[in-house]
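A.B. asks: The structure file run.pdb (PDB, C-alpha atoms) is provided below.
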MODEL        1
ATOM      1  CA  MET M   1     -41.727   3.841  59.480
ATOM      2  CA  SER M   2     -38.200   4.725  58.300
ATOM      3  CA  LYS M   3     -38.851   3.096  54.916
ATOM      4  CA  GLU M   4     -42.033   5.119  54.527
ATOM      5  CA  THR M   5     -40.106   8.299  55.361
ATOM      6  CA  ALA M   6     -37.491   7.533  52.696
ATOM      7  CA  LEU M   7     -40.075   6.609  50.074
ATOM      8  CA  ASP M   8     -42.131   9.723  50.792
ATOM      9  CA  TRP M   9     -39.035  11.871  50.269
ATOM     10  CA  ILE M  10     -38.318  10.161  46.937
ATOM     11  CA  SER M  11     -41.918  10.660  45.770
ATOM     12  CA  SER M  12     -42.084  14.311  46.771
ATOM     13  CA  ASN M  13     -38.712  15.059  45.145
ATOM     14  CA  GLU M  14     -39.292  13.073  41.977
ATOM     15  CA  PRO M  15     -39.245  16.126  39.642
ATOM     16  CA  ARG M  16     -35.864  17.277  40.969
ATOM     17  CA  ILE M  17     -34.390  13.775  40.721
ATOM     18  CA  ILE M  18     -35.486  13.494  37.086
ATOM     19  CA  GLU M  19     -34.168  16.995  36.381
ATOM     20  CA  ILE M  20     -30.682  16.042  37.629
ATOM     21  CA  SER M  21     -30.697  12.789  35.648
ATOM     22  CA  ASN M  22     -31.715  14.598  32.473
ATOM     23  CA  LYS M  23     -29.023  17.226  32.979
ATOM     24  CA  ILE M  24     -26.293  14.581  33.330
ATOM     25  CA  TRP M  25     -27.677  12.914  30.178
ATOM     26  CA  GLU M  26     -27.217  16.200  28.315
ATOM     27  CA  LEU M  27     -23.746  16.844  29.755
ATOM     28  CA  ALA M  28     -22.540  13.368  28.688
ATOM     29  CA  GLU M  29     -18.979  13.776  29.963
ATOM     30  CA  LEU M  30     -16.301  11.146  29.357
ATOM     31  CA  GLY M  31     -14.506   9.282  32.144
ATOM     32  CA  LEU M  32     -12.206  11.418  34.323
ATOM     33  CA  MET M  33     -13.686  14.526  32.673
ATOM     34  CA  GLU M  34     -17.102  14.510  34.386
ATOM     35  CA  TYR M  35     -16.469  17.884  35.986
ATOM     36  CA  GLU M  36     -19.990  19.304  35.647
ATOM     37  CA  SER M  37     -21.798  16.016  36.291
ATOM     38  CA  SER M  38     -19.898  15.308  39.502
ATOM     39  CA  LYS M  39     -20.283  18.918  40.643
ATOM     40  CA  LEU M  40     -24.035  18.750  40.093
ATOM     41  CA  LEU M  41     -24.338  15.672  42.320
ATOM     42  CA  ALA M  42     -21.844  16.888  44.934
ATOM     43  CA  ASP M  43     -23.570  20.285  45.188
ATOM     44  CA  GLU M  44     -26.963  18.629  45.626
ATOM     45  CA  LEU M  45     -25.693  16.399  48.426
ATOM     46  CA  GLU M  46     -23.982  19.349  50.110
ATOM     47  CA  LYS M  47     -27.211  21.357  50.024
ATOM     48  CA  LYS M  48     -28.946  18.441  51.728
ATOM     49  CA  GLY M  49     -26.507  18.464  54.672
ATOM     50  CA  PHE M  50     -23.774  16.059  53.589
ATOM     51  CA  ASN M  51     -20.096  16.812  54.195
ATOM     52  CA  VAL M  52     -18.549  16.587  50.733
ATOM     53  CA  ASP M  53     -14.899  15.793  50.017
ATOM     54  CA  ARG M  54     -14.086  16.613  46.383
ATOM     55  CA  GLY M  55     -11.224  15.571  44.122
ATOM     56  CA  ILE M  56     -10.423  12.422  46.088
ATOM     57  CA  ALA M  57      -7.949   9.706  44.991
ATOM     58  CA  GLY M  58      -6.223  12.176  42.679
ATOM     59  CA  MET M  59      -9.263  12.506  40.374
ATOM     60  CA  PRO M  60     -10.982  15.906  40.083
ATOM     61  CA  SER M  61     -14.355  14.301  39.296
ATOM     62  CA  ALA M  62     -14.317  11.838  42.224
ATOM     63  CA  PHE M  63     -15.904  12.724  45.556
ATOM     64  CA  SER M  64     -17.424  11.334  48.721
ATOM     65  CA  ALA M  65     -20.356  12.731  50.700
ATOM     66  CA  THR M  66     -20.916  11.771  54.352
ATOM     67  CA  TYR M  67     -23.768  12.149  56.815
ATOM     68  CA  GLY M  68     -23.988  10.877  60.395
ATOM     69  CA  SER M  69     -21.469   9.282  62.713
ATOM     70  CA  GLY M  70     -20.586   5.914  64.154
ATOM     71  CA  LYS M  71     -21.518   2.423  63.054
ATOM     72  CA  PRO M  72     -22.782   0.995  60.823
ATOM     73  CA  VAL M  73     -21.166   2.793  57.909
ATOM     74  CA  ILE M  74     -23.204   2.129  54.773
ATOM     75  CA  GLY M  75     -21.892   3.173  51.365
ATOM     76  CA  ILE M  76     -23.844   3.898  48.199
ATOM     77  CA  MET M  77     -22.002   4.214  44.894
ATOM     78  CA  GLY M  78     -22.892   6.335  41.897
ATOM     79  CA  GLU M  79     -21.433   6.648  38.415
ATOM     80  CA  TYR M  80     -21.864   9.392  35.827
ATOM     81  CA  ASP M  81     -19.436   8.905  32.930
ATOM     82  CA  ALA M  82     -20.508   8.650  29.304
ATOM     83  CA  LEU M  83     -19.094   6.865  26.241
ATOM     84  CA  PRO M  84     -17.556   8.407  23.094
ATOM     85  CA  GLY M  85     -19.671   8.687  19.955
ATOM     86  CA  LEU M  86     -23.035   7.856  21.563
ATOM     87  CA  SER M  87     -24.630  11.310  21.738
ATOM     88  CA  GLN M  88     -28.369  10.837  21.723
ATOM     89  CA  LYS M  89     -31.585  12.740  22.334
ATOM     90  CA  PRO M  90     -34.044  10.968  24.694
ATOM     91  CA  VAL M  91     -35.920   9.323  21.812
ATOM     92  CA  PRO M  92     -36.160   5.607  20.789
ATOM     93  CA  TYR M  93     -34.372   6.109  17.471
ATOM     94  CA  LYS M  94     -30.941   7.413  16.535
ATOM     95  CA  GLU M  95     -30.832  11.195  16.759
ATOM     96  CA  PRO M  96     -27.696  12.665  18.366
ATOM     97  CA  LEU M  97     -27.712  15.755  20.537
ATOM     98  CA  LYS M  98     -24.305  16.540  19.055
ATOM     99  CA  GLU M  99     -23.055  14.686  15.995
ATOM    100  CA  GLY M 100     -20.095  12.503  16.990
ATOM    101  CA  GLY M 101     -20.300  13.602  20.615
ATOM    102  CA  PRO M 102     -20.329  11.388  23.708
ATOM    103  CA  GLY M 103     -23.492   9.934  25.196
ATOM    104  CA  HIS M 104     -24.842   7.686  27.935
ATOM    105  CA  GLY M 105     -24.977   4.170  26.523
ATOM    106  CA  CYS M 106     -25.158   2.547  29.980
ATOM    107  CA  GLY M 107     -27.540   4.884  31.796
ATOM    108  CA  HIS M 108     -24.987   6.357  34.158
ATOM    109  CA  ASN M 109     -27.009   9.563  34.221
ATOM    110  CA  ILE M 110     -29.561   7.496  36.171
ATOM    111  CA  HIS M 111     -26.920   5.609  38.160
ATOM    112  CA  GLY M 112     -25.334   8.634  39.825
ATOM    113  CA  THR M 113     -28.642  10.413  40.342
ATOM    114  CA  SER M 114     -30.501   7.474  41.871
ATOM    115  CA  GLY M 115     -27.563   6.692  44.158
ATOM    116  CA  ALA M 116     -27.403  10.284  45.403
ATOM    117  CA  ALA M 117     -31.193  10.360  45.868
ATOM    118  CA  ALA M 118     -31.026   7.122  47.863
ATOM    119  CA  ALA M 119     -28.325   8.581  50.112
ATOM    120  CA  ILE M 120     -30.387  11.724  50.758
ATOM    121  CA  ALA M 121     -33.563   9.724  51.413
ATOM    122  CA  THR M 122     -31.617   7.558  53.872
ATOM    123  CA  LYS M 123     -30.397  10.684  55.690
ATOM    124  CA  VAL M 124     -33.965  12.025  55.919
ATOM    125  CA  ALA M 125     -35.160   8.712  57.361
ATOM    126  CA  MET M 126     -32.275   8.613  59.844
ATOM    127  CA  GLU M 127     -33.081  12.121  61.089
ATOM    128  CA  ALA M 128     -36.809  11.505  61.367
ATOM    129  CA  ASN M 129     -36.448   8.204  63.202
ATOM    130  CA  ASP M 130     -33.327   8.807  65.335
ATOM    131  CA  ILE M 131     -31.315   6.132  63.533
ATOM    132  CA  MET M 132     -27.620   6.065  64.421
ATOM    133  CA  GLY M 133     -24.882   5.364  61.923
ATOM    134  CA  THR M 134     -23.223   6.833  58.852
ATOM    135  CA  VAL M 135     -24.296   6.956  55.232
ATOM    136  CA  LYS M 136     -21.654   7.706  52.599
ATOM    137  CA  PHE M 137     -22.183   8.389  48.914
ATOM    138  CA  PHE M 138     -19.209   7.686  46.658
ATOM    139  CA  GLY M 139     -19.029   9.590  43.377
ATOM    140  CA  CYS M 140     -17.143   7.128  41.167
ATOM    141  CA  PRO M 141     -15.795   8.459  37.846
ATOM    142  CA  ALA M 142     -14.549   6.540  34.814
ATOM    143  CA  GLU M 143     -16.453   3.301  35.359
ATOM    144  CA  GLU M 144     -16.514   2.623  31.627
ATOM    145  CA  ILE M 145     -12.712   2.301  31.606
ATOM    146  CA  ASP M 146     -12.434   0.592  35.024
ATOM    147  CA  ILE M 147     -10.417   3.350  36.672
ATOM    148  CA  GLY M 148     -12.446   5.302  39.249
ATOM    149  CA  LYS M 149     -13.083   2.689  41.936
ATOM    150  CA  VAL M 150      -9.626   1.138  41.467
ATOM    151  CA  PHE M 151      -7.900   4.402  42.324
ATOM    152  CA  MET M 152     -10.343   5.023  45.196
ATOM    153  CA  VAL M 153      -9.596   1.599  46.701
ATOM    154  CA  ARG M 154      -5.860   2.223  46.241
ATOM    155  CA  ASP M 155      -6.135   5.441  48.272
ATOM    156  CA  GLY M 156      -8.240   3.891  51.052
ATOM    157  CA  VAL M 157     -11.462   5.766  50.285
ATOM    158  CA  PHE M 158     -13.643   2.761  51.221
ATOM    159  CA  GLU M 159     -11.843   1.939  54.488
ATOM    160  CA  GLY M 160     -14.205   1.585  57.447
ATOM    161  CA  VAL M 161     -17.280   0.934  55.307
ATOM    162  CA  ASP M 162     -19.330  -2.007  56.603
ATOM    163  CA  ALA M 163     -21.372  -2.561  53.448
ATOM    164  CA  CYS M 164     -21.413  -0.809  50.100
ATOM    165  CA  LEU M 165     -24.305  -0.952  47.667
ATOM    166  CA  SER M 166     -24.040  -0.355  43.960
ATOM    167  CA  HIS M 167     -26.671  -0.634  41.253
ATOM    168  CA  HIS M 168     -27.032  -0.152  37.530
ATOM    169  CA  PRO M 169     -29.786   0.531  35.015
ATOM    170  CA  GLY M 170     -30.850  -2.727  33.396
ATOM    171  CA  GLN M 171     -33.627  -4.785  31.862
ATOM    172  CA  ALA M 172     -35.034  -6.162  35.118
ATOM    173  CA  ASN M 173     -35.471  -4.985  38.696
ATOM    174  CA  THR M 174     -33.442  -7.472  40.689
ATOM    175  CA  ALA M 175     -30.347  -7.877  42.821
ATOM    176  CA  SER M 176     -28.407 -10.411  40.812
ATOM    177  CA  LEU M 177     -25.996 -12.944  42.268
ATOM    178  CA  ARG M 178     -24.042 -13.007  39.014
ATOM    179  CA  SER M 179     -20.392 -12.094  39.095
ATOM    180  CA  SER M 180     -18.501 -10.013  36.546
ATOM    181  CA  THR M 181     -15.324 -10.559  34.598
ATOM    182  CA  ALA M 182     -11.929  -9.649  35.942
ATOM    183  CA  THR M 183     -10.129  -7.306  33.568
ATOM    184  CA  THR M 184      -6.668  -6.036  32.754
ATOM    185  CA  GLN M 185      -6.290  -3.074  30.428
ATOM    186  CA  ALA M 186      -2.962  -2.357  28.800
ATOM    187  CA  ARG M 187      -1.510  -0.154  26.105
ATOM    188  CA  TYR M 188       1.162  -1.659  23.858
ATOM    189  CA  VAL M 189       3.612   0.911  22.498
ATOM    190  CA  PHE M 190       5.901  -0.005  19.604
ATOM    191  CA  LYS M 191       8.795   2.171  18.432
ATOM    192  CA  GLY M 192      10.586   1.728  15.147
ATOM    193  CA  VAL M 193      12.530   3.813  12.644
ATOM    194  CA  ALA M 194      10.995   6.315  10.226
ATOM    195  CA  SER M 195      11.970   6.275   6.563
ATOM    196  CA  HIS M 196      10.450   7.222   3.215
ATOM    197  CA  ALA M 197       8.134   4.367   2.264
ATOM    198  CA  ALA M 198       8.996   4.716  -1.439
ATOM    199  CA  GLY M 199      12.539   6.133  -1.366
ATOM    200  CA  ASP M 200      14.246   3.957   1.267
ATOM    201  CA  PRO M 201      11.771   1.575   2.913
ATOM    202  CA  GLU M 202      14.642  -0.831   3.686
ATOM    203  CA  ASP M 203      15.929   1.649   6.261
ATOM    204  CA  GLY M 204      12.605   1.806   8.101
ATOM    205  CA  ARG M 205      11.244  -0.338  10.900
ATOM    206  CA  SER M 206       7.454  -0.068  11.038
ATOM    207  CA  ALA M 207       5.856   0.227  14.447
ATOM    208  CA  LEU M 208       2.482  -0.152  12.720
ATOM    209  CA  ASP M 209       3.556  -3.504  11.279
ATOM    210  CA  ALA M 210       4.345  -4.597  14.837
ATOM    211  CA  VAL M 211       0.898  -3.539  16.066
ATOM    212  CA  GLU M 212      -0.799  -5.377  13.201
ATOM    213  CA  LEU M 213       1.275  -8.523  13.714
ATOM    214  CA  MET M 214       0.475  -8.418  17.428
ATOM    215  CA  ASN M 215      -3.238  -8.137  16.670
ATOM    216  CA  MET M 216      -2.978 -11.062  14.272
ATOM    217  CA  GLY M 217      -1.146 -13.162  16.860
ATOM    218  CA  VAL M 218      -3.738 -12.386  19.519
ATOM    219  CA  ASN M 219      -6.519 -13.345  17.117
ATOM    220  CA  TYR M 220      -4.854 -16.744  16.640
ATOM    221  CA  LEU M 221      -4.545 -17.013  20.411
ATOM    222  CA  ARG M 222      -8.343 -16.810  20.842
ATOM    223  CA  GLU M 223      -8.753 -20.498  19.934
ATOM    224  CA  HIS M 224      -6.511 -21.499  22.835
ATOM    225  CA  VAL M 225      -7.984 -19.578  25.762
ATOM    226  CA  ILE M 226     -11.023 -20.444  27.841
ATOM    227  CA  GLU M 227     -14.419 -19.909  26.237
ATOM    228  CA  LYS M 228     -15.496 -17.178  28.655
ATOM    229  CA  ALA M 229     -12.417 -15.038  28.012
ATOM    230  CA  ARG M 230     -12.786 -11.837  26.017
ATOM    231  CA  ILE M 231      -9.982  -9.902  24.305
ATOM    232  CA  HIS M 232     -10.743  -6.666  22.470
ATOM    233  CA  TYR M 233      -8.571  -3.864  21.201
ATOM    234  CA  ILE M 234      -8.278  -0.697  19.173
ATOM    235  CA  ILE M 235      -5.338   0.892  17.358
ATOM    236  CA  GLU M 236      -4.951   4.304  18.954
ATOM    237  CA  ASP M 237      -2.044   5.526  16.845
ATOM    238  CA  GLY M 238      -0.927   3.985  13.563
ATOM    239  CA  GLY M 239       1.164   6.700  11.943
ATOM    240  CA  GLU M 240       0.557   9.985  10.152
ATOM    241  CA  VAL M 241       0.769   9.432   6.381
ATOM    242  CA  PRO M 242       1.199   6.292   4.231
ATOM    243  CA  ASN M 243       4.460   7.390   2.598
ATOM    244  CA  VAL M 244       6.338   7.551   5.908
ATOM    245  CA  VAL M 245       7.173   4.277   7.658
ATOM    246  CA  PRO M 246       5.541   4.777  11.087
ATOM    247  CA  PRO M 247       8.173   5.035  13.835
ATOM    248  CA  TYR M 248       5.503   4.944  16.556
ATOM    249  CA  ALA M 249       2.266   2.975  16.981
ATOM    250  CA  ARG M 250       0.054   2.118  19.939
ATOM    251  CA  SER M 251      -2.821  -0.260  20.663
ATOM    252  CA  TRP M 252      -5.149  -0.529  23.665
ATOM    253  CA  TYR M 253      -6.312  -3.940  24.884
ATOM    254  CA  PHE M 254      -8.988  -5.136  27.314
ATOM    255  CA  ILE M 255      -8.376  -8.697  28.522
ATOM    256  CA  ARG M 256     -11.259 -10.265  30.458
ATOM    257  CA  ALA M 257     -11.997 -13.616  32.099
ATOM    258  CA  PRO M 258     -14.199 -14.872  34.955
ATOM    259  CA  GLU M 259     -11.345 -15.106  37.480
ATOM    260  CA  ARG M 260      -8.356 -12.861  38.215
ATOM    261  CA  GLU M 261      -5.872 -15.735  37.838
ATOM    262  CA  GLN M 262      -7.230 -16.553  34.384
ATOM    263  CA  VAL M 263      -6.729 -12.956  33.256
ATOM    264  CA  ALA M 264      -3.149 -13.003  34.543
ATOM    265  CA  GLU M 265      -2.385 -16.141  32.522
ATOM    266  CA  ILE M 266      -3.878 -14.731  29.306
ATOM    267  CA  TYR M 267      -2.161 -11.369  29.832
ATOM    268  CA  ALA M 268       1.214 -13.147  30.087
ATOM    269  CA  ARG M 269       0.546 -14.882  26.771
ATOM    270  CA  VAL M 270      -0.462 -11.592  25.126
ATOM    271  CA  LEU M 271       2.838 -10.125  26.354
ATOM    272  CA  ASP M 272       4.672 -12.944  24.552
ATOM    273  CA  VAL M 273       2.743 -12.167  21.364
ATOM    274  CA  ALA M 274       3.761  -8.498  21.640
ATOM    275  CA  LYS M 275       7.391  -9.542  22.156
ATOM    276  CA  GLY M 276       7.208 -11.734  19.069
ATOM    277  CA  ALA M 277       5.739  -8.895  16.992
ATOM    278  CA  ALA M 278       8.614  -6.646  18.031
ATOM    279  CA  LEU M 279      11.184  -9.300  17.113
ATOM    280  CA  MET M 280       9.596  -9.835  13.698
ATOM    281  CA  THR M 281       9.687  -6.149  12.841
ATOM    282  CA  GLY M 282      12.937  -5.044  14.453
ATOM    283  CA  THR M 283      11.108  -2.641  16.736
ATOM    284  CA  THR M 284      11.053  -2.151  20.485
ATOM    285  CA  HIS M 285       7.923  -2.430  22.587
ATOM    286  CA  GLU M 286       6.536  -1.555  26.006
ATOM    287  CA  ALA M 287       3.398  -2.744  27.788
ATOM    288  CA  ARG M 288       1.757  -0.130  30.019
ATOM    289  CA  ILE M 289      -0.943  -1.274  32.437
ATOM    290  CA  VAL M 290      -3.859   1.170  32.391
ATOM    291  CA  THR M 291      -5.900  -0.483  35.128
ATOM    292  CA  ALA M 292      -6.919  -3.897  36.432
ATOM    293  CA  ILE M 293      -9.917  -5.135  38.389
ATOM    294  CA  SER M 294     -10.956  -8.366  40.052
ATOM    295  CA  ASN M 295     -14.203 -10.195  39.423
ATOM    296  CA  MET M 296     -17.121  -9.108  41.597
ATOM    297  CA  ILE M 297     -18.000 -11.241  44.622
ATOM    298  CA  PRO M 298     -21.774 -10.904  45.166
ATOM    299  CA  SER M 299     -23.387 -11.062  48.612
ATOM    300  CA  LYS M 300     -26.519 -13.218  48.905
ATOM    301  CA  THR M 301     -27.385 -11.609  52.241
ATOM    302  CA  LEU M 302     -27.409  -8.098  50.787
ATOM    303  CA  ALA M 303     -29.090  -9.279  47.576
ATOM    304  CA  ASP M 304     -31.951 -10.883  49.547
ATOM    305  CA  LEU M 305     -32.344  -7.675  51.565
ATOM    306  CA  VAL M 306     -32.495  -5.529  48.435
ATOM    307  CA  VAL M 307     -34.981  -7.805  46.653
ATOM    308  CA  GLY M 308     -37.167  -7.842  49.769
ATOM    309  CA  ASN M 309     -37.313  -4.047  49.709
ATOM    310  CA  MET M 310     -38.034  -4.062  45.979
ATOM    311  CA  ARG M 311     -41.072  -6.236  46.681
ATOM    312  CA  VAL M 312     -42.251  -3.790  49.354
ATOM    313  CA  ILE M 313     -42.069  -0.947  46.813
ATOM    314  CA  GLY M 314     -43.578  -2.923  43.956
ATOM    315  CA  ALA M 315     -43.069  -2.804  40.223
ATOM    316  CA  PRO M 316     -42.611   0.527  38.426
ATOM    317  CA  GLU M 317     -45.778   2.152  37.154
TER     318      GLU M 317
ENDMDL
END
Could you spell out this file's structure in structure tokens?

C.D. replies:
Amino acid sequence: MSKETALDWISSNEPRIIEISNKIWELAELGLMEYESSKLLADELEKKGFNVDRGIAGMPSAFSATYGSGKPVIGIMGEYDALPGLSQKPVPYKEPLKEGGPGHGCGHNIHGTSGAAAAIATKVAMEANDIMGTVKFFGCPAEEIDIGKVFMVRDGVFEGVDACLSHHPGQANTASLRSSTATTQARYVFKGVASHAAGDPEDGRSALDAVELMNMGVNYLREHVIEKARIHYIIEDGGEVPNVVPPYARSWYFIRAPEREQVAEIYARVLDVAKGAALMTGTTHEARIVTAISNMIPSKTLADLVVGNMRVIGAPE
């Protein structure tokens, strides 16, 4: 009966759910800047009787929404951040809404909306069927750069939760038992000495040279790490003009592997490469951790429960 109540609410509110998802698609806000997207979801949950706590874990676009009291405490997570440069109209060919603007490459417009809708439908079913317990929706910003949930865990936002369900748009309707990679993100800042590249290059110490030598060293390192490891980077700052030896340069690295310990080992080796690049160029360097996450530990019990309910609902029409 409670499942029927929840499903009936979803069906009768389908137009509004799609409207919210489409609006977040159009907003396409980058991680930690999802002010309108998070407000849209938080406002909707508040209107439906949830107690909403905004700006949690030091992030203006993070929030939690709570209904009920006592045990069990069931969490549902939602994401809503977009990616740079992927602006797109809802058509199956490339046509940006705004040239060069951000867009939803991973369907987080659906992710946040469907999670919020699930939380509201659960509340409706709890009320109609006198079900005790607590349902909490967690608005998680900056998933694309692995920051939101890390900061929320750090500040104890998930304490007291008995089970927490997440989901993600994908190619198949299933609750996978696959894990994910553990990741460390770091920025590598090199500082050198500016000089005129034509007039007195011998007096300069190029921070950009250090960044490039570090990238080269890491690319040689790839042969000697485990096959499932992934290392990718961008150069965020490489100087201003070619005729000035760059006194400052910065790169941003993602280091991934199946297990946390494997990431730690590779990260230590990347640090040595950065140190070597600084020595070769007479520059100084600093590694700044952006964020770090562990590999996901899936739950077969919860996965079986979710798949069972998917079979009750049936395939999408």

A.B. asks: Do you know which residues the PyMOL selection byres ((chain M and resi 71) around 9) returns on this file, as a list in words?

C.D. replies: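 Applying the PyMOL selection byres ((chain M and resi 71) around 9) to the structure shown produces Ser69, Gly70, Pro72, Val73, Ile74, Met132, Gly133, Thr134, Val161 and Asp162 of chain M.
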
A.B. asks: Which residues are close to Pro141 in chain M, i.e. within 10 Å by all atoms listed in the file, leaving aside same-chain residues fewer than 6 positions away? Reply as a PyMOL selection string.

C.D. replies: chain M and resi 30-35+37-38+59-63+78-82+112+147-149+151-152

A.B. asks: Which residues are close to Ala119 in chain M, i.e. within 12 Å by only C-alpha atoms, leaving aside same-chain residues fewer than 4 positions away? Reply as an mmCIF file with C-alpha atoms, keeping the file's coordinate frame.

C.D. replies:
data_model
loop_
_atom_site.group_PDB
_atom_site.id
_atom_site.type_symbol
_atom_site.label_atom_id
_atom_site.label_comp_id
_atom_site.auth_asym_id
_atom_site.auth_seq_id
_atom_site.Cartn_x
_atom_site.Cartn_y
_atom_site.Cartn_z
ATOM 1 C CA ALA M 6 -37.491 7.533 52.696
ATOM 2 C CA LEU M 7 -40.075 6.609 50.074
ATOM 3 C CA TRP M 9 -39.035 11.871 50.269
ATOM 4 C CA ILE M 10 -38.318 10.161 46.937
ATOM 5 C CA LEU M 41 -24.338 15.672 42.320
ATOM 6 C CA ALA M 42 -21.844 16.888 44.934
ATOM 7 C CA GLU M 44 -26.963 18.629 45.626
ATOM 8 C CA LEU M 45 -25.693 16.399 48.426
ATOM 9 C CA GLU M 46 -23.982 19.349 50.110
ATOM 10 C CA LYS M 48 -28.946 18.441 51.728
ATOM 11 C CA GLY M 49 -26.507 18.464 54.672
ATOM 12 C CA PHE M 50 -23.774 16.059 53.589
ATOM 13 C CA SER M 64 -17.424 11.334 48.721
ATOM 14 C CA ALA M 65 -20.356 12.731 50.700
ATOM 15 C CA THR M 66 -20.916 11.771 54.352
ATOM 16 C CA TYR M 67 -23.768 12.149 56.815
ATOM 17 C CA GLY M 68 -23.988 10.877 60.395
ATOM 18 C CA ILE M 74 -23.204 2.129 54.773
ATOM 19 C CA GLY M 75 -21.892 3.173 51.365
ATOM 20 C CA ILE M 76 -23.844 3.898 48.199
ATOM 21 C CA MET M 77 -22.002 4.214 44.894
ATOM 22 C CA GLY M 78 -22.892 6.335 41.897
ATOM 23 C CA GLY M 112 -25.334 8.634 39.825
ATOM 24 C CA THR M 113 -28.642 10.413 40.342
ATOM 25 C CA SER M 114 -30.501 7.474 41.871
ATOM 26 C CA GLY M 115 -27.563 6.692 44.158
ATOM 27 C CA LYS M 123 -30.397 10.684 55.690
ATOM 28 C CA VAL M 124 -33.965 12.025 55.919
ATOM 29 C CA ALA M 125 -35.160 8.712 57.361
ATOM 30 C CA MET M 126 -32.275 8.613 59.844
ATOM 31 C CA THR M 134 -23.223 6.833 58.852
ATOM 32 C CA VAL M 135 -24.296 6.956 55.232
ATOM 33 C CA LYS M 136 -21.654 7.706 52.599
ATOM 34 C CA PHE M 137 -22.183 8.389 48.914
ATOM 35 C CA PHE M 138 -19.209 7.686 46.658
ATOM 36 C CA GLY M 139 -19.029 9.590 43.377
ATOM 37 C CA CYS M 164 -21.413 -0.809 50.100
ATOM 38 C CA LEU M 165 -24.305 -0.952 47.667
ATOM 39 C CA SER M 166 -24.040 -0.355 43.960
#

A.B. asks: Range 94-98 of chain M: which residues within 12 Å, counting only C-alpha atoms, same-chain residues fewer than 5 positions away excluded, as a tab-separated table (two decimals) with C-alpha atoms, in the coordinates of the input?

C.D. replies:
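around_3.tsv, freshly written:
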chain	number	residue	atom	x	y	z
M	25	TRP	CA	-27.68	12.91	30.18
M	26	GLU	CA	-27.22	16.20	28.32
M	27	LEU	CA	-23.75	16.84	29.76
M	28	ALA	CA	-22.54	13.37	28.69
M	84	PRO	CA	-17.56	8.41	23.09
M	85	GLY	CA	-19.67	8.69	19.95
M	86	LEU	CA	-23.04	7.86	21.56
M	87	SER	CA	-24.63	11.31	21.74
M	88	GLN	CA	-28.37	10.84	21.72
M	89	LYS	CA	-31.58	12.74	22.33
M	103	GLY	CA	-23.49	9.93	25.20
M	104	HIS	CA	-24.84	7.69	27.94

A.B. asks: Neighbouring residues of Ser251 in chain M were defined as those with any atom within 7 Å, considering all atoms listed in the file; residues of the same chain fewer than 6 positions away were excluded. Please report them as a ChimeraX atom specification.

C.D. replies: /M:187-189,211,233-237

A.B. asks: Write a file of the selected residues as a PDB file, in the frame of the given file, keeping C-alpha atoms.

C.D. replies:
ATOM      1  CA  ARG M 187      -1.510  -0.154  26.105  1.00  0.00           C
ATOM      2  CA  TYR M 188       1.162  -1.659  23.858  1.00  0.00           C
ATOM      3  CA  VAL M 189       3.612   0.911  22.498  1.00  0.00           C
ATOM      4  CA  VAL M 211       0.898  -3.539  16.066  1.00  0.00           C
ATOM      5  CA  TYR M 233      -8.571  -3.864  21.201  1.00  0.00           C
ATOM      6  CA  ILE M 234      -8.278  -0.697  19.173  1.00  0.00           C
ATOM      7  CA  ILE M 235      -5.338   0.892  17.358  1.00  0.00           C
ATOM      8  CA  GLU M 236      -4.951   4.304  18.954  1.00  0.00           C
ATOM      9  CA  ASP M 237      -2.044   5.526  16.845  1.00  0.00           C
TER      10      ASP M 237
END

A.B. asks: Take the PyMOL selection byres ((chain M and resi 272) around 12), run it mentally on this structure, and tell me the resulting residues as a PDB file with C-alpha atoms, keeping the file's coordinate frame.

C.D. replies:
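Result file result_30.pdb:
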ATOM      1  CA  TYR M 188       1.162  -1.659  23.858  1.00  0.00           C
ATOM      2  CA  MET M 214       0.475  -8.418  17.428  1.00  0.00           C
ATOM      3  CA  GLY M 217      -1.146 -13.162  16.860  1.00  0.00           C
ATOM      4  CA  VAL M 218      -3.738 -12.386  19.519  1.00  0.00           C
ATOM      5  CA  LEU M 221      -4.545 -17.013  20.411  1.00  0.00           C
ATOM      6  CA  GLU M 265      -2.385 -16.141  32.522  1.00  0.00           C
ATOM      7  CA  ILE M 266      -3.878 -14.731  29.306  1.00  0.00           C
ATOM      8  CA  TYR M 267      -2.161 -11.369  29.832  1.00  0.00           C
ATOM      9  CA  ALA M 268       1.214 -13.147  30.087  1.00  0.00           C
ATOM     10  CA  ARG M 269       0.546 -14.882  26.771  1.00  0.00           C
ATOM     11  CA  VAL M 270      -0.462 -11.592  25.126  1.00  0.00           C
ATOM     12  CA  LEU M 271       2.838 -10.125  26.354  1.00  0.00           C
ATOM     13  CA  VAL M 273       2.743 -12.167  21.364  1.00  0.00           C
ATOM     14  CA  ALA M 274       3.761  -8.498  21.640  1.00  0.00           C
ATOM     15  CA  LYS M 275       7.391  -9.542  22.156  1.00  0.00           C
ATOM     16  CA  GLY M 276       7.208 -11.734  19.069  1.00  0.00           C
ATOM     17  CA  ALA M 277       5.739  -8.895  16.992  1.00  0.00           C
ATOM     18  CA  ALA M 278       8.614  -6.646  18.031  1.00  0.00           C
ATOM     19  CA  LEU M 279      11.184  -9.300  17.113  1.00  0.00           C
ATOM     20  CA  HIS M 285       7.923  -2.430  22.587  1.00  0.00           C
ATOM     21  CA  GLU M 286       6.536  -1.555  26.006  1.00  0.00           C
ATOM     22  CA  ALA M 287       3.398  -2.744  27.788  1.00  0.00           C
TER      23      ALA M 287
END

A.B. asks: I'd like to know which of M:Ala257, M:Ile231, M:Ala175, M:Ala186 is closest to Met310 in chain M, using all atoms listed in the file.

C.D. replies: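 That would be M:Ala175, the residue with the smallest distance to Met310 in chain M.
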
A.B. asks: In Å to one decimal, how far is CA of Arg178 in chain M from CA of Ser21 in chain M?

C.D. replies: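 Computed distance, CA of Ser21 in chain M to CA of Arg178 in chain M, equals 26.9 Å.
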